[in-house]
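Here's my_file28.txt, which has compact mmCIF, C-alpha atoms (C1' of nucleotides):
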```txt
# COMPACT_ATOMS: atom_id res chain seq x y z
CA MET A 62 0.00 0.00 0.00
CA PRO A 63 2.34 2.71 1.07
CA GLU A 64 4.93 4.59 -0.88
CA LEU A 65 6.76 7.62 0.46
CA PRO A 66 3.79 10.04 0.70
CA GLU A 67 1.65 7.53 2.57
CA VAL A 68 4.47 6.67 4.96
CA GLU A 69 5.05 10.38 5.56
CA VAL A 70 1.39 10.84 6.49
CA VAL A 71 1.78 8.03 9.01
CA ARG A 72 4.98 9.60 10.35
CA ARG A 73 3.24 12.92 10.91
CA GLY A 74 0.43 11.19 12.73
CA LEU A 75 2.90 9.40 14.99
CA SER A 76 4.71 12.66 15.58
CA ASP A 77 1.45 14.26 16.74
CA HIS A 78 0.02 11.40 18.76
CA VAL A 79 2.83 9.15 19.97
CA VAL A 80 6.03 11.17 20.36
CA GLY A 81 6.46 12.22 23.98
CA ARG A 82 4.53 9.24 25.30
CA ARG A 83 6.03 6.45 27.37
CA ILE A 84 5.38 2.83 26.50
CA THR A 85 3.97 1.04 29.51
CA SER A 86 3.49 -2.46 28.10
CA VAL A 87 3.71 -4.26 24.79
CA GLU A 88 2.15 -7.32 23.17
CA VAL A 89 3.51 -8.89 20.01
CA THR A 90 1.29 -11.71 18.84
CA GLY A 91 2.31 -11.92 15.18
CA ALA A 92 5.31 -14.15 14.57
CA ARG A 93 5.75 -12.77 11.08
CA THR A 94 5.60 -9.20 12.33
CA ALA A 95 8.64 -9.97 14.48
CA ARG A 96 10.43 -12.19 11.97
CA ARG A 97 13.30 -9.75 11.45
CA GLN A 98 13.92 -9.42 15.17
CA PRO A 99 16.69 -11.58 16.59
CA GLY A 100 15.09 -13.02 19.69
CA GLY A 101 11.63 -12.73 18.23
CA PRO A 102 8.53 -11.14 19.77
CA ALA A 103 9.81 -11.39 23.34
CA GLU A 104 12.84 -9.30 22.46
CA ILE A 105 10.66 -6.53 21.02
CA VAL A 106 8.57 -6.50 24.18
CA ALA A 107 11.62 -6.46 26.46
CA ARG A 108 13.29 -3.63 24.58
CA LEU A 109 10.21 -1.40 24.32
CA GLU A 110 8.59 -1.59 27.72
CA GLY A 111 9.28 1.43 29.89
CA ARG A 112 10.82 3.43 27.05
CA ALA A 113 9.71 6.90 26.02
CA VAL A 114 9.24 7.77 22.35
CA SER A 115 11.41 10.75 21.48
CA GLY A 116 10.82 11.13 17.74
CA ALA A 117 9.20 9.84 14.56
CA GLU A 118 11.55 9.64 11.58
CA ARG A 119 11.45 8.39 8.02
CA ARG A 120 13.68 7.71 5.05
CA GLY A 121 11.92 6.54 1.93
CA LYS A 122 9.39 3.94 3.02
CA TYR A 123 11.21 3.10 6.23
CA LEU A 124 9.72 4.57 9.38
CA TRP A 125 11.05 4.54 12.93
CA LEU A 126 10.30 5.80 16.39
CA THR A 127 13.39 6.90 18.28
CA LEU A 128 13.49 5.84 21.91
CA ASP A 129 14.91 7.63 24.90
CA HIS A 130 18.32 6.42 26.03
CA GLU A 131 20.87 7.27 28.67
CA HIS A 132 23.97 7.09 26.52
CA ALA A 133 24.30 8.18 22.90
CA ALA A 134 26.17 4.99 22.08
CA GLY A 135 23.12 2.94 22.97
CA ALA A 136 20.67 4.84 20.80
CA ASP A 137 18.03 2.58 19.31
CA CYS A 138 14.61 2.75 17.73
CA LEU A 139 11.47 0.85 16.79
CA LEU A 140 11.84 0.30 13.05
CA VAL A 141 8.55 -0.12 11.27
CA HIS A 142 8.04 -1.25 7.71
CA LEU A 143 4.47 -1.18 6.50
CA GLY A 144 5.04 -3.60 3.64
CA MET A 145 2.00 -3.74 1.38
CA SER A 146 -0.76 -3.40 3.93
CA GLY A 147 0.64 -2.30 7.28
CA GLN A 148 -1.07 0.35 9.39
CA MET A 149 -0.05 2.11 12.57
CA LEU A 150 -3.23 2.98 14.39
CA VAL A 151 -3.79 4.90 17.59
CA ALA A 152 -6.83 3.76 19.55
CA ASP A 153 -8.23 4.38 23.00
CA ALA A 154 -7.35 1.65 25.46
CA GLY A 155 -10.22 -0.78 25.54
CA ALA A 156 -11.30 -0.10 21.98
CA PRO A 157 -12.49 -3.30 20.32
CA PRO A 158 -9.75 -5.43 18.76
CA VAL A 159 -9.50 -5.44 15.00
CA ARG A 160 -8.67 -8.20 12.57
CA HIS A 161 -5.03 -8.61 11.56
CA MET A 162 -3.67 -6.79 14.60
CA HIS A 163 -0.24 -8.29 15.30
CA ALA A 164 1.24 -5.97 17.91
CA ARG A 165 0.34 -3.14 20.20
CA ALA A 166 2.04 -0.83 22.63
CA HIS A 167 0.09 0.65 25.52
CA LEU A 168 1.01 4.29 26.10
CA ASP A 169 0.98 6.33 29.28
CA ASP A 170 -1.80 8.63 28.10
CA GLY A 171 -4.39 5.85 27.96
CA THR A 172 -4.09 5.18 24.25
CA GLU A 173 -2.53 2.26 22.44
CA LEU A 174 -0.45 2.11 19.30
CA ARG A 175 -1.48 -0.81 17.10
CA PHE A 176 0.21 -2.55 14.21
CA VAL A 177 -2.38 -3.96 11.83
CA ASP A 178 -1.24 -5.77 8.70
CA GLN A 179 -3.40 -7.96 6.51
CA ARG A 180 -0.76 -9.35 4.17
CA THR A 181 1.98 -9.59 6.81
CA PHE A 182 4.78 -8.25 4.64
CA GLY A 183 5.37 -5.50 7.19
CA GLY A 184 7.14 -5.76 10.52
CA TRP A 185 8.53 -4.27 13.70
CA THR A 186 12.12 -4.53 14.93
CA VAL A 187 13.98 -2.78 17.71
CA VAL A 188 17.42 -2.03 16.34
CA PRO A 189 20.39 0.29 16.91
CA LEU A 190 20.81 3.58 15.08
CA THR A 191 23.92 3.88 12.93
CA GLU A 192 25.32 6.33 10.42
CA ALA A 193 23.96 6.05 6.89
CA ALA A 194 26.15 4.16 4.44
CA ASP A 195 25.92 7.07 1.98
CA GLY A 196 28.10 9.32 4.12
CA THR A 197 25.43 11.96 4.72
CA GLY A 198 25.91 11.52 8.45
CA VAL A 199 22.20 10.86 8.92
CA LEU A 200 21.36 8.38 11.68
CA LEU A 201 19.42 5.39 10.38
CA PRO A 202 18.17 2.11 11.83
CA ALA A 203 20.92 -0.45 11.20
CA PRO A 204 18.90 -2.67 8.81
CA ALA A 205 18.05 0.43 6.74
CA ALA A 206 21.53 1.96 6.73
CA HIS A 207 22.03 0.93 3.12
CA ILE A 208 18.91 2.72 1.88
CA ALA A 209 19.57 5.73 -0.34
CA ALA A 210 18.30 9.23 0.40
CA ASP A 211 14.76 9.97 -0.72
CA PRO A 212 13.91 12.92 -2.98
CA PHE A 213 12.53 14.99 -0.09
CA GLU A 214 15.73 14.96 1.95
CA PRO A 215 17.89 18.09 2.01
CA GLY A 216 20.87 15.88 1.17
CA PHE A 217 19.23 14.35 -1.89
CA ASP A 218 21.28 14.98 -5.04
CA ALA A 219 19.26 14.22 -8.17
CA ARG A 220 22.28 14.49 -10.46
CA ALA A 221 24.29 12.09 -8.31
CA ALA A 222 21.40 9.61 -8.22
CA ALA A 223 20.99 9.97 -11.99
CA ARG A 224 24.67 9.19 -12.51
CA VAL A 225 24.27 6.03 -10.40
CA ILE A 226 21.26 5.04 -12.50
CA ARG A 227 23.08 5.58 -15.79
CA ARG A 228 26.07 3.63 -14.57
CA ARG A 229 23.89 0.63 -13.76
CA ASP A 230 22.81 -1.73 -16.51
CA SER A 231 19.12 -2.36 -16.10
CA GLU A 232 15.70 -1.05 -16.99
CA ILE A 233 14.95 2.46 -15.75
CA LYS A 234 11.82 1.48 -13.85
CA ARG A 235 13.61 -1.31 -12.04
CA LEU A 236 16.22 1.20 -10.88
CA LEU A 237 13.60 3.73 -9.78
CA LEU A 238 12.20 0.97 -7.57
CA ASP A 239 15.64 0.03 -6.19
CA GLN A 240 15.69 1.54 -2.70
CA THR A 241 19.49 1.56 -2.62
CA VAL A 242 19.55 3.92 -5.60
CA VAL A 243 16.79 6.32 -4.60
CA SER A 244 14.30 5.53 -1.86
CA GLY A 245 10.59 6.12 -1.42
CA ILE A 246 9.45 5.43 -4.98
CA GLY A 247 7.08 2.50 -5.46
CA ASN A 248 5.14 1.04 -8.35
CA ILE A 249 2.58 3.84 -8.65
CA TYR A 250 4.88 6.82 -8.47
CA ALA A 251 7.46 5.16 -10.70
CA ASP A 252 4.80 4.85 -13.41
CA GLU A 253 3.62 8.42 -12.85
CA ALA A 254 7.15 9.83 -12.98
CA LEU A 255 7.90 7.90 -16.18
CA TRP A 256 4.65 9.10 -17.74
CA ARG A 257 5.51 12.70 -16.89
CA SER A 258 8.94 12.41 -18.45
CA GLY A 259 7.71 10.43 -21.46
CA VAL A 260 10.05 7.51 -20.86
CA HIS A 261 9.17 3.83 -21.20
CA GLY A 262 10.00 1.90 -18.02
CA ARG A 263 11.82 -0.83 -19.95
CA ARG A 264 14.36 1.55 -21.47
CA ARG A 265 17.87 0.58 -20.46
CA SER A 266 19.13 3.13 -17.98
CA GLY A 267 22.47 3.57 -19.69
CA ALA A 268 20.78 4.52 -22.96
CA LEU A 269 19.07 7.54 -21.42
CA THR A 270 20.67 10.95 -21.19
CA LEU A 271 21.65 12.30 -17.79
CA ARG A 272 19.22 15.14 -18.31
CA VAL A 273 16.26 12.82 -18.89
CA VAL A 274 17.09 10.75 -15.82
CA VAL A 275 17.42 13.88 -13.66
CA GLU A 276 14.07 15.09 -14.98
CA THR A 277 12.46 11.75 -14.21
CA LEU A 278 13.71 11.94 -10.62
CA GLN A 279 12.37 15.47 -10.32
CA HIS A 280 9.02 14.27 -11.64
CA ALA A 281 9.06 11.51 -9.02
CA ARG A 282 9.61 14.10 -6.32
CA ASP A 283 6.89 16.36 -7.74
CA VAL A 284 4.25 13.66 -8.07
CA MET A 285 4.94 12.45 -4.54
CA ALA A 286 4.71 16.04 -3.28
CA ASP A 287 1.34 16.39 -5.02
CA ALA A 288 0.14 13.16 -3.43
CA LEU A 289 1.32 14.29 -0.02
CA ALA A 290 -0.46 17.61 -0.39
CA ALA A 291 -3.68 15.81 -1.29
CA GLY A 292 -3.36 12.96 1.19
CA GLY A 293 -2.19 14.99 4.12
CA THR A 294 -5.37 17.00 4.26
CA SER A 295 -7.84 14.39 5.44
CA PHE A 296 -6.59 13.51 8.87
CA ASP A 297 -8.53 11.82 11.59
CA ALA A 298 -7.08 12.66 14.98
CA LEU A 299 -7.77 9.19 16.29
CA TYR A 300 -6.13 7.29 13.50
CA VAL A 301 -2.49 7.70 12.83
CA ASN A 302 -2.74 6.04 9.44
CA VAL A 303 -5.54 7.25 7.28
CA ASN A 304 -4.87 5.81 3.85
CA GLY A 305 -3.95 9.35 3.12
CA ALA A 306 -3.78 9.17 -0.63
CA SER A 307 -7.06 7.53 -1.49
CA GLY A 308 -8.67 10.76 -2.67
CA TYR A 309 -5.62 11.56 -4.72
CA PHE A 310 -5.51 8.18 -6.40
CA SER A 311 -9.02 8.39 -7.75
CA ARG A 312 -8.49 11.78 -9.37
CA ALA A 313 -4.95 12.71 -10.12
CA LEU A 314 -3.11 9.67 -11.46
CA ALA A 315 -2.24 10.00 -15.13
CA SER A 316 -1.17 6.44 -15.93
CA TYR A 317 -1.37 4.05 -12.97
CA GLY A 318 -4.56 1.98 -12.94
CA ARG A 319 -5.92 3.61 -16.09
CA GLU A 320 -5.67 0.70 -18.53
CA GLY A 321 -7.75 1.41 -21.62
CA GLU A 322 -8.50 4.98 -20.62
CA PRO A 323 -7.21 7.80 -22.82
CA CYS A 324 -3.85 9.36 -22.04
CA THR A 325 -4.64 12.87 -20.81
CA ARG A 326 -1.83 14.22 -22.98
CA CYS A 327 -2.51 12.57 -26.32
CA GLY A 328 -5.67 10.48 -26.06
CA THR A 329 -4.01 7.12 -26.76
CA PRO A 330 -5.38 4.37 -24.50
CA ILE A 331 -3.14 3.56 -21.56
CA VAL A 332 -1.60 0.07 -21.71
CA ARG A 333 -0.95 -2.34 -18.86
CA GLU A 334 1.99 -4.72 -19.00
CA ARG A 335 3.37 -7.32 -16.65
CA PHE A 336 6.60 -6.17 -15.04
CA MET A 337 8.52 -7.69 -12.12
CA ASN A 338 5.50 -9.75 -11.10
CA ARG A 339 3.32 -6.64 -10.94
CA SER A 340 1.82 -4.22 -13.43
CA SER A 341 3.18 -1.26 -15.34
CA TYR A 342 0.90 1.32 -16.88
CA PHE A 343 2.10 3.61 -19.63
CA CYS A 344 1.06 5.52 -22.72
CA PRO A 345 2.37 3.62 -25.76
CA SER A 346 2.46 6.84 -27.73
CA CYS A 347 4.11 9.23 -25.25
CA GLN A 348 6.42 6.55 -23.83
CA ARG A 349 8.13 4.62 -26.60
CA LYS A 350 10.42 1.70 -25.96
CA ARG A 351 12.95 3.11 -28.42
C1' DA B 146 29.57 -8.16 -8.49
C1' DA B 147 25.37 -7.35 -10.41
C1' DT B 148 21.03 -8.68 -12.22
C1' DC B 149 16.64 -11.13 -12.33
C1' DG B 150 12.91 -14.12 -11.28
C1' DA B 151 10.62 -16.61 -7.65
C1' DC B 152 8.62 -16.17 -3.49
C1' DC B 153 6.53 -14.50 0.80
C1' DC B 154 0.93 -13.58 2.63
C1' DT B 155 -4.39 -12.60 2.74
C1' DG B 156 -8.51 -10.97 0.75
C1' DC B 157 -11.10 -9.16 -2.87
C1' DT B 158 -13.08 -9.08 -7.61
C1' DC B 159 -14.11 -11.00 -11.82
C1' DG B 160 -15.43 -14.45 -15.23
C1' DC B 161 -17.09 -18.93 -16.03
C1' DT C 169 -23.93 -19.68 -5.84
C1' DG C 170 -19.42 -21.67 -6.14
C1' DC C 171 -14.81 -21.78 -7.56
C1' DG C 172 -10.43 -20.80 -9.50
C1' DA C 173 -7.54 -17.20 -11.54
C1' DG C 174 -5.67 -12.97 -11.17
C1' DC C 175 -4.47 -8.97 -8.76
C1' DA C 176 -2.98 -5.66 -4.89
C1' DG C 177 1.00 0.61 -3.75
C1' DG C 178 6.27 -4.11 -0.19
C1' DG C 179 11.08 -6.42 0.23
C1' DT C 180 14.26 -10.63 0.31
C1' DC C 181 16.74 -14.38 -1.38
C1' DG C 182 18.95 -17.76 -4.29
C1' DA C 183 20.46 -18.88 -8.93
C1' DT C 184 23.01 -17.29 -12.72
```

In structure tokens, how does this file's structure come out?
Amino acid sequence: MPELPEVEVVRRGLSDHVVGRRITSVEVTGARTARRQPGGPAEIVARLEGRAVSGAERRGKYLWLTLDHEHAAGADCLLVHLGMSGQMLVADAGAPPVRHMHARAHLDDGTELRFVDQRTFGGWTVVPLTEAADGTGVLLPAPAAHIAADPFEPGFDARAAARVIRRRDSEIKRLLLDQTVVSGIGNIYADEALWRSGVHGRRRSGALTLRVVVETLQHARDVMADALAAGGTSFDALYVNVNGASGYFSRALASYGREGEPCTRCGTPIVRERFMNRSSYFCPSCQRKR
DNA sequence: AATCGACCCTGCTCGC
DNA sequence: TGCGAGCAGGGTCGAT
């Protein structure tokens, strides 16, 4: 479900409703939710109980809550990945349980933070913070230290990312989706960015000019900014995650999900193609393979 | 070393 | 109405 804009909406909600709270007790019932945690569910519980949440951070699609600590060297965090269907919900204590809830943390203000995930590709881990592998000096959760900067970060360099893309030998869409090249872009926004720049997703990256790749990355940033502006508006105080972009999806997407509908630029019907075990949508007239 | 396809899950919709 | 196929915005892992 979530690409960068949706994860950012969740982060903002956590910042408003969870940061500053202390975790009083934790339950982790989903084995798959804890599958990345050495020590499993019990380790997550042990390392969260009694801790205060000091911040809500994000890089790309990776989200984490920083935890209070006595010594800088021991800084750690609750790393959350939403996968395809994960939600972080804030509910009043005693609110009825919901289906697919795999973990929850009771907070000292009488609310509880829930992790709900139908397809179970998401997860929680409590991990140390380390410096990013890209040399920006940003602190990242250790398992996400290899993730590249996302287009919204001050340190993001579109030209540098474009040079990496051109140096690699693969299809441009595949590289846009590679979180170690540029993070935050998923299947929808990759298609939208490629539509905006008029590039077919199967073009080999090395065959594109630097300028076109830079433009595509800028389009990715712009389309995600548009989605964030649209999705960030409808916000329910009780729910941290609000499927923020649903209104945006129905109206503003130019290519994704529009198979058979006319391209808004030229009128040619949008085509859907199988790509990496998912779908790609593009305009066969505006976006030529060669 | 880098690239690519298979795979991990559940639930919903669609066509027969 | 029932049933299988296909699809869904994620990442990881092993084979090449």

| Shell around Val68 in chain A at 9 Å using only C-alpha atoms (C1' of nucleotides), local window under 3 positions removed, as a ChimeraX atom specification | /A:63-65,71-73,119,121-124,143,245,302

Counting all atoms listed in the file, which residues in range 137-157 of chain A sit no more than 12 Å from range 150-161 of chain B? For each one, give the nearest pair of atoms and the distance in Å, sorted by chain then residue number, as JSON lines.
```
{"residue": "A:Gly144", "atom": "CA", "partner": "B:DC154", "partner_atom": "C1'", "distance": 10.8}
{"residue": "A:Met145", "atom": "CA", "partner": "B:DC154", "partner_atom": "C1'", "distance": 10.0}
{"residue": "A:Ser146", "atom": "CA", "partner": "B:DT155", "partner_atom": "C1'", "distance": 10.0}
```

Deliver the residues from the most recent selection as a file, using C-alpha atoms, as a PDB file, in the coordinates of the input.
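Everything below was put into selection.pdb:
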```pdb
ATOM      1  CA  GLY A 144       5.040  -3.600   3.640  1.00  0.00           C
ATOM      2  CA  MET A 145       2.000  -3.740   1.380  1.00  0.00           C
ATOM      3  CA  SER A 146      -0.760  -3.400   3.930  1.00  0.00           C
TER       4      SER A 146
END
```

| query | Which residue, A:Thr186, A:Thr325, A:Gln348, A:Gln240, has the smallest gap to chain C when you use only C-alpha atoms (C1' of nucleotides)? | reply | A:Gln240

Write out as a PDB file with C-alpha atoms, keeping the file's coordinate frame which residues come within 6 Å of Ala209 in chain A when counting all atoms listed in the file, dropping same-chain ones fewer than 2 positions away.
```pdb
ATOM      1  CA  THR A 241      19.490   1.560  -2.620  1.00  0.00           C
ATOM      2  CA  VAL A 242      19.550   3.920  -5.600  1.00  0.00           C
ATOM      3  CA  VAL A 243      16.790   6.320  -4.600  1.00  0.00           C
ATOM      4  CA  SER A 244      14.300   5.530  -1.860  1.00  0.00           C
TER       5      SER A 244
END
```

| field | Pick from A:Gly318, A:Pro158, A:Pro66, A:Gly183, whichever lies nearest to chain B using all atoms listed in the file | value | A:Gly183

| said: Distance cut-off 9 Å, counting only C-alpha atoms (C1' of nucleotides) - which residues of chain A neighbour chain B? Return them as an MDAnalysis selection string. | reply: chainID A and resid 179:182 229:231 337:338

Can those selected residues be exported to a file as a short mmCIF file (atom, residue, chain, number, x, y, z; two decimals), keeping the file's coordinate frame so that it contains C-alpha atoms?
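So the final result, stored in again_12.cif, reads:
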```
data_model
loop_
_atom_site.label_atom_id
_atom_site.label_comp_id
_atom_site.auth_asym_id
_atom_site.auth_seq_id
_atom_site.Cartn_x
_atom_site.Cartn_y
_atom_site.Cartn_z
CA GLN A 179 -3.40 -7.96 6.51
CA ARG A 180 -0.76 -9.35 4.17
CA THR A 181 1.98 -9.59 6.81
CA PHE A 182 4.78 -8.25 4.64
CA ARG A 229 23.89 0.63 -13.76
CA ASP A 230 22.81 -1.73 -16.51
CA SER A 231 19.12 -2.36 -16.10
CA MET A 337 8.52 -7.69 -12.12
CA ASN A 338 5.50 -9.75 -11.10
#
```

| query | If you measure from CA of Gly259 in chain A to CA of Asp287 in chain A, what distance in Å do you get, rounded to one decimal? | reply | 18.6 Å

Chain B from the block above, C-alpha atoms (C1' of nucleotides), as a PDB file, in the first residue's frame, please?
```pdb
ATOM      1  C1'  DA B 146      29.568  -8.161  -8.490  1.00  0.00           C
ATOM      2  C1'  DA B 147      25.373  -7.353 -10.412  1.00  0.00           C
ATOM      3  C1'  DT B 148      21.035  -8.684 -12.217  1.00  0.00           C
ATOM      4  C1'  DC B 149      16.644 -11.133 -12.332  1.00  0.00           C
ATOM      5  C1'  DG B 150      12.907 -14.120 -11.276  1.00  0.00           C
ATOM      6  C1'  DA B 151      10.616 -16.611  -7.651  1.00  0.00           C
ATOM      7  C1'  DC B 152       8.619 -16.173  -3.494  1.00  0.00           C
ATOM      8  C1'  DC B 153       6.528 -14.501   0.797  1.00  0.00           C
ATOM      9  C1'  DC B 154       0.925 -13.576   2.628  1.00  0.00           C
ATOM     10  C1'  DT B 155      -4.391 -12.603   2.737  1.00  0.00           C
ATOM     11  C1'  DG B 156      -8.513 -10.970   0.754  1.00  0.00           C
ATOM     12  C1'  DC B 157     -11.100  -9.155  -2.872  1.00  0.00           C
ATOM     13  C1'  DT B 158     -13.083  -9.078  -7.614  1.00  0.00           C
ATOM     14  C1'  DC B 159     -14.115 -11.003 -11.817  1.00  0.00           C
ATOM     15  C1'  DG B 160     -15.425 -14.454 -15.234  1.00  0.00           C
ATOM     16  C1'  DC B 161     -17.093 -18.932 -16.032  1.00  0.00           C
TER      17       DC B 161
END
```
